[in-house]
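Note sheet for the following structure.
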Amino acid sequence: MSSEDNLNDNELSKKGIITLVLSRGLTQLPIAVAGLLLVDIALSFNVEVGIAGQISTAAGLFSIFFGLMMGILNVRFKHKSLLFTGILLYVLVAVSSYFATSLSILIGVFSFVGIANATVIPMVNTLIGELVSPDRRASAIGWTVGGMFLIYLIGMLVIGFIATMGWRMTMVIVMVPVGVLTGIMCRSYIPDQKTSSENETSLRDLFRGYKNLLSNKSAIGVILGTILGFPAWYFYVVYGPSFYRQVFNLSASSISIALIFLIISGIIGSFTVGRLVKRTSEKTVLLSATASLGIITLIVFRIPSFWVTYFLTLIAMFSGGILLTVSNSFALAQIPEYRGTMMSLHGVADSSASVISAGLGGTLLLLYGYGGSSIVLGVTGLLSAIVLYLFTSNQ
C-alpha cells in the first residue's frame with residue numbers, strides 16, 4: 001500500500017470536496033449549452049445538426065491528445081495547479097465562443113474544452129485518490145458525479161430560460177461565473193501536493209507507470225471497456241436534447257424541464273454506488289450498469305411514444321450515473337502506485353468514447369437517423385460488458 005493510502009478524509013475539507021464537485025460540474029456546462037442549443041448553433045451557421053455536433057468531436061480529439069501528455073504533466077506539476085489551469089480554460093472558451101464568426105472558429109475554440117476536460121477530470125479523481133481513504137473513494141466519486149449531474153441540471157434550467165438571448169450570451173452567462181468561483185475555491189481550499197523535483201526521476205517514474213499499465217491485463221480491460229461502453233452515454237448527452245426537439249417537437253424550455261427527472265435519476269444512480277459496492281463488488285456493479293445502458297440504447301431511440309421513450313431514458317440515466325461513478329472508482333484501484341497515469345489514460349479512454357459518440361454517432365445520424373446510430377452505440381455497450389467481464393478483476 002502506498003503512502004497515499006494512509007491519507008484520510010480530514011485532509012480534504014468539506015469546502016475542498018465542494019470545490020471538486022464544482023470542478024466536475026463545470027466540465028458539463030459546455031456540453032449542456034452545445035447539447036440543448038445545438039439546433040440553434042447549427043442554424044446560426046446554416047449547417048446540419050450532425051455537422052454542428054462536430055464541435056464535440058473536436059473537444060474529444062484534443063482531450064485524447066492532451067490526455068496522453070497529462071501522463072507527463074501530472075508527474076512534473078502539482079495536481080492542484082493543473083486543476084486550476086483547466087478551470088481557467090473553461091472561462092476562456094466561454095468568452096472566445098461569444099466572438100466566433102464561423103463554425104470552423106467555434107470548432108477551434110471547443111478544442112480547448114477537450115484540453116480542459118483532459119486536465120480537470122483526471123485531476124479531480126486523482127486528488128480523491130490521494131486525499132480520501134480507499135474505503136470511501138467510491139462514495140466520494142459518487143458525490144462528484146452526483147454534483148456534476150446537479151450542476152448540469154441547474155445549467156439546463158438556466159439555459160432553457162435564457163435561450164432567447166442566443167447561444168453565445170447563454171454560454172457566457174452559464175460558464176463564466178461558475179468558472180471564476182471554482183477557480184477561486186481551488187486556490188483556497190485544495191491542499192498543495194508535493195511533486196518530484198528531479199526531472200530524471202520523474203521521467204523514469206512516468207515510463208515505469210506506462211509499462212506497468214500496459215502489462216496489467218485488468219487495467220487494459222478497464223481502458224478498453226471505457227472506450228466501448230461510454231459512447232452510449234455520450235450519445236444521450238450530445239444528441240439527446242436534439243432528439244427530443246426534432247422527433248417530438250419540444251421547445252428548448254420544455255426540454256430543460258423534461259430533463260429535470262432524467263438528471264435526478266442520474267444523481268440517484270451515482271449516490272447508490274457506495275452501497276451497491278459494499279453489497280457486491282465494483283466489477284459486478286460496473287458490468288450491470290454497462291450492460292443495461294447498452295440494452296436500453298439499442299431500442300429507446302426507435303420508439304415513437306414520448307412517454308415510453310422518456311421512461312426508458314430515466315432507467316438509462318440511472319445506469320449512467322452508476323457507470324460514471326463506479327468506472328472511475330474501479331480505475332483508481334487498478335494501479336495505486338501510478339494512480340495519476342492510470343486516471344490520465346482513463347480520461348483518454350473517456351474522451352475517445354465522446355469522439356466515437358459525437359463523430360461516429362453524428363455521421364450515422366446523418367445517414368440513418370437516431371434509430372440507426374443508437375443501435376451501433378448500443379452494441380458497443382454490450383461489447384464493453386463482455387470485455388470487462390473477461391479481462392478485469394477486483395483489486
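Scheme for the C-alpha cells: letters A, B, ... for chains in order shown; per-chain residue numbers from 1; ligand numbers from 1 in order shown.
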
Polymer residues at most 12 Å from Leu214 (chain A), only C-alpha atoms, same-chain spacing of 5 or more positions, as JSON, numbers by chain: {"A": [207, 208, 209, 219, 220, 221, 222, 223, 224, 334, 335, 341, 342, 345]}

Nearby residues (only C-alpha atoms) at most 12 Å from region 268-272 of chain A, same-chain spacing under 2 positions excluded, as a PyMOL selection string: chain A and resi 138-150+261-266+274-279+285-286+289+314-329

Spatial neighbours of region 59-68 of chain A, 6 Å, only C-alpha atoms, chain gap at least 2 places, as a short mmCIF file (atom, residue, chain, number, x, y, z; two decimals) with C-alpha atoms, in the first residue's frame:
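selection-v1.cif, written as the output of this step:
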```
data_model
loop_
_atom_site.label_atom_id
_atom_site.label_comp_id
_atom_site.auth_asym_id
_atom_site.auth_seq_id
_atom_site.Cartn_x
_atom_site.Cartn_y
_atom_site.Cartn_z
CA SER A 56 -17.92 17.91 -29.54
CA THR A 57 -15.75 15.76 -31.80
CA MET A 70 -1.12 14.51 -18.83
CA GLY A 71 0.84 11.36 -18.05
CA PHE A 110 -14.10 23.99 -28.47
CA SER A 111 -10.82 22.13 -28.88
CA VAL A 113 -12.80 22.25 -23.96
CA GLY A 114 -11.04 18.98 -24.72
CA ILE A 115 -7.80 20.23 -23.17
CA ALA A 118 -8.26 16.19 -20.06
CA SER A 344 -4.98 10.18 -17.23
CA VAL A 348 -8.15 9.49 -22.65
CA SER A 351 -12.51 11.28 -24.41
CA SER A 354 -17.00 11.01 -26.63
CA VAL A 355 -15.33 11.24 -30.05
#
```

Long-range neighbours of region 40-55 of chain A as a ChimeraX atom specification, 7 Å cut-off, only C-alpha atoms, 3 positions minimum in chain: /A:37,58-59,102-103,107,110,167,358-359,362-363,365-366

DSSP alpha helix (DSSP H) residues within region 68-228 of chain A, as a PyMOL selection string: chain A and resi 68-76+79-98+103-131+137-162+167-189+199-214+217-228

Point-to-point distance from CA of Ser251 (chain A) to CA of Met165 (chain A), Å rounded to tenths: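 About the pair CA of Ser251 (chain A) and CA of Met165 (chain A): they are 14.7 Å apart.
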
Nearby residues (only C-alpha atoms) at most 9 Å from Val172 (chain A), same-chain spacing under 6 positions excluded, as JSON, numbers by chain: {"A": [91, 93, 94, 95, 97, 98]}

Go ahead and save the residues from that selection, with N, CA and C atoms, as a PDB file, in the first residue's frame.
```pdb
ATOM      1  N   VAL A  91     -13.361  29.188 -18.741  1.00  0.00           N
ATOM      2  CA  VAL A  91     -13.725  30.603 -18.818  1.00  0.00           C
ATOM      3  C   VAL A  91     -13.279  31.181 -20.158  1.00  0.00           C
ATOM      4  N   VAL A  93     -12.888  29.568 -22.975  1.00  0.00           N
ATOM      5  CA  VAL A  93     -13.744  29.017 -24.027  1.00  0.00           C
ATOM      6  C   VAL A  93     -15.059  29.786 -24.126  1.00  0.00           C
ATOM      7  N   ALA A  94     -15.673  30.062 -22.986  1.00  0.00           N
ATOM      8  CA  ALA A  94     -16.960  30.765 -22.985  1.00  0.00           C
ATOM      9  C   ALA A  94     -16.843  32.145 -23.621  1.00  0.00           C
ATOM     10  N   VAL A  95     -15.810  32.868 -23.240  1.00  0.00           N
ATOM     11  CA  VAL A  95     -15.619  34.216 -23.773  1.00  0.00           C
ATOM     12  C   VAL A  95     -15.271  34.168 -25.258  1.00  0.00           C
ATOM     13  N   SER A  97     -16.006  31.806 -27.446  1.00  0.00           N
ATOM     14  CA  SER A  97     -17.132  31.338 -28.251  1.00  0.00           C
ATOM     15  C   SER A  97     -18.070  32.481 -28.616  1.00  0.00           C
ATOM     16  N   TYR A  98     -18.172  33.451 -27.748  1.00  0.00           N
ATOM     17  CA  TYR A  98     -19.049  34.593 -28.000  1.00  0.00           C
ATOM     18  C   TYR A  98     -18.653  35.325 -29.281  1.00  0.00           C
TER      19      TYR A  98
END
```

Distance in Å - CA of Val300 (chain A) versus CA of Thr27 (chain A):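 Atom-to-atom, CA of Val300 (chain A) to CA of Thr27 (chain A), that is 26.3 Å.
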
Surrounding residues of Ile18 (chain A) excluding itself and chain neighbours under 3 positions, 9 Å, only C-alpha atoms, as a list of chain:residue names: A:Ser13, A:Lys14, A:Lys15, A:Val21, A:Leu22, A:Ser23, A:Thr144, A:Gly147, A:Met185

Atomic separation - CA of Thr19 (chain A) relative to CA of Leu92 (chain A), Å: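 One can read the CA of Leu92 (chain A) to CA of Thr19 (chain A) distance as 19.3 Å.
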
Nearest-residue call for Phe248 (chain A), choices A:Trp233, A:Tyr210, A:Phe301, A:Lys217, using only C-alpha atoms: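 Result for the nearest residue to Phe248 (chain A): A:Phe301.
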
Nearest to Ala333 (chain A) by atom-to-atom distance, counting only C-alpha atoms, from A:Ser256, A:Thr126, A:Ser305, A:Ser188: A:Thr126
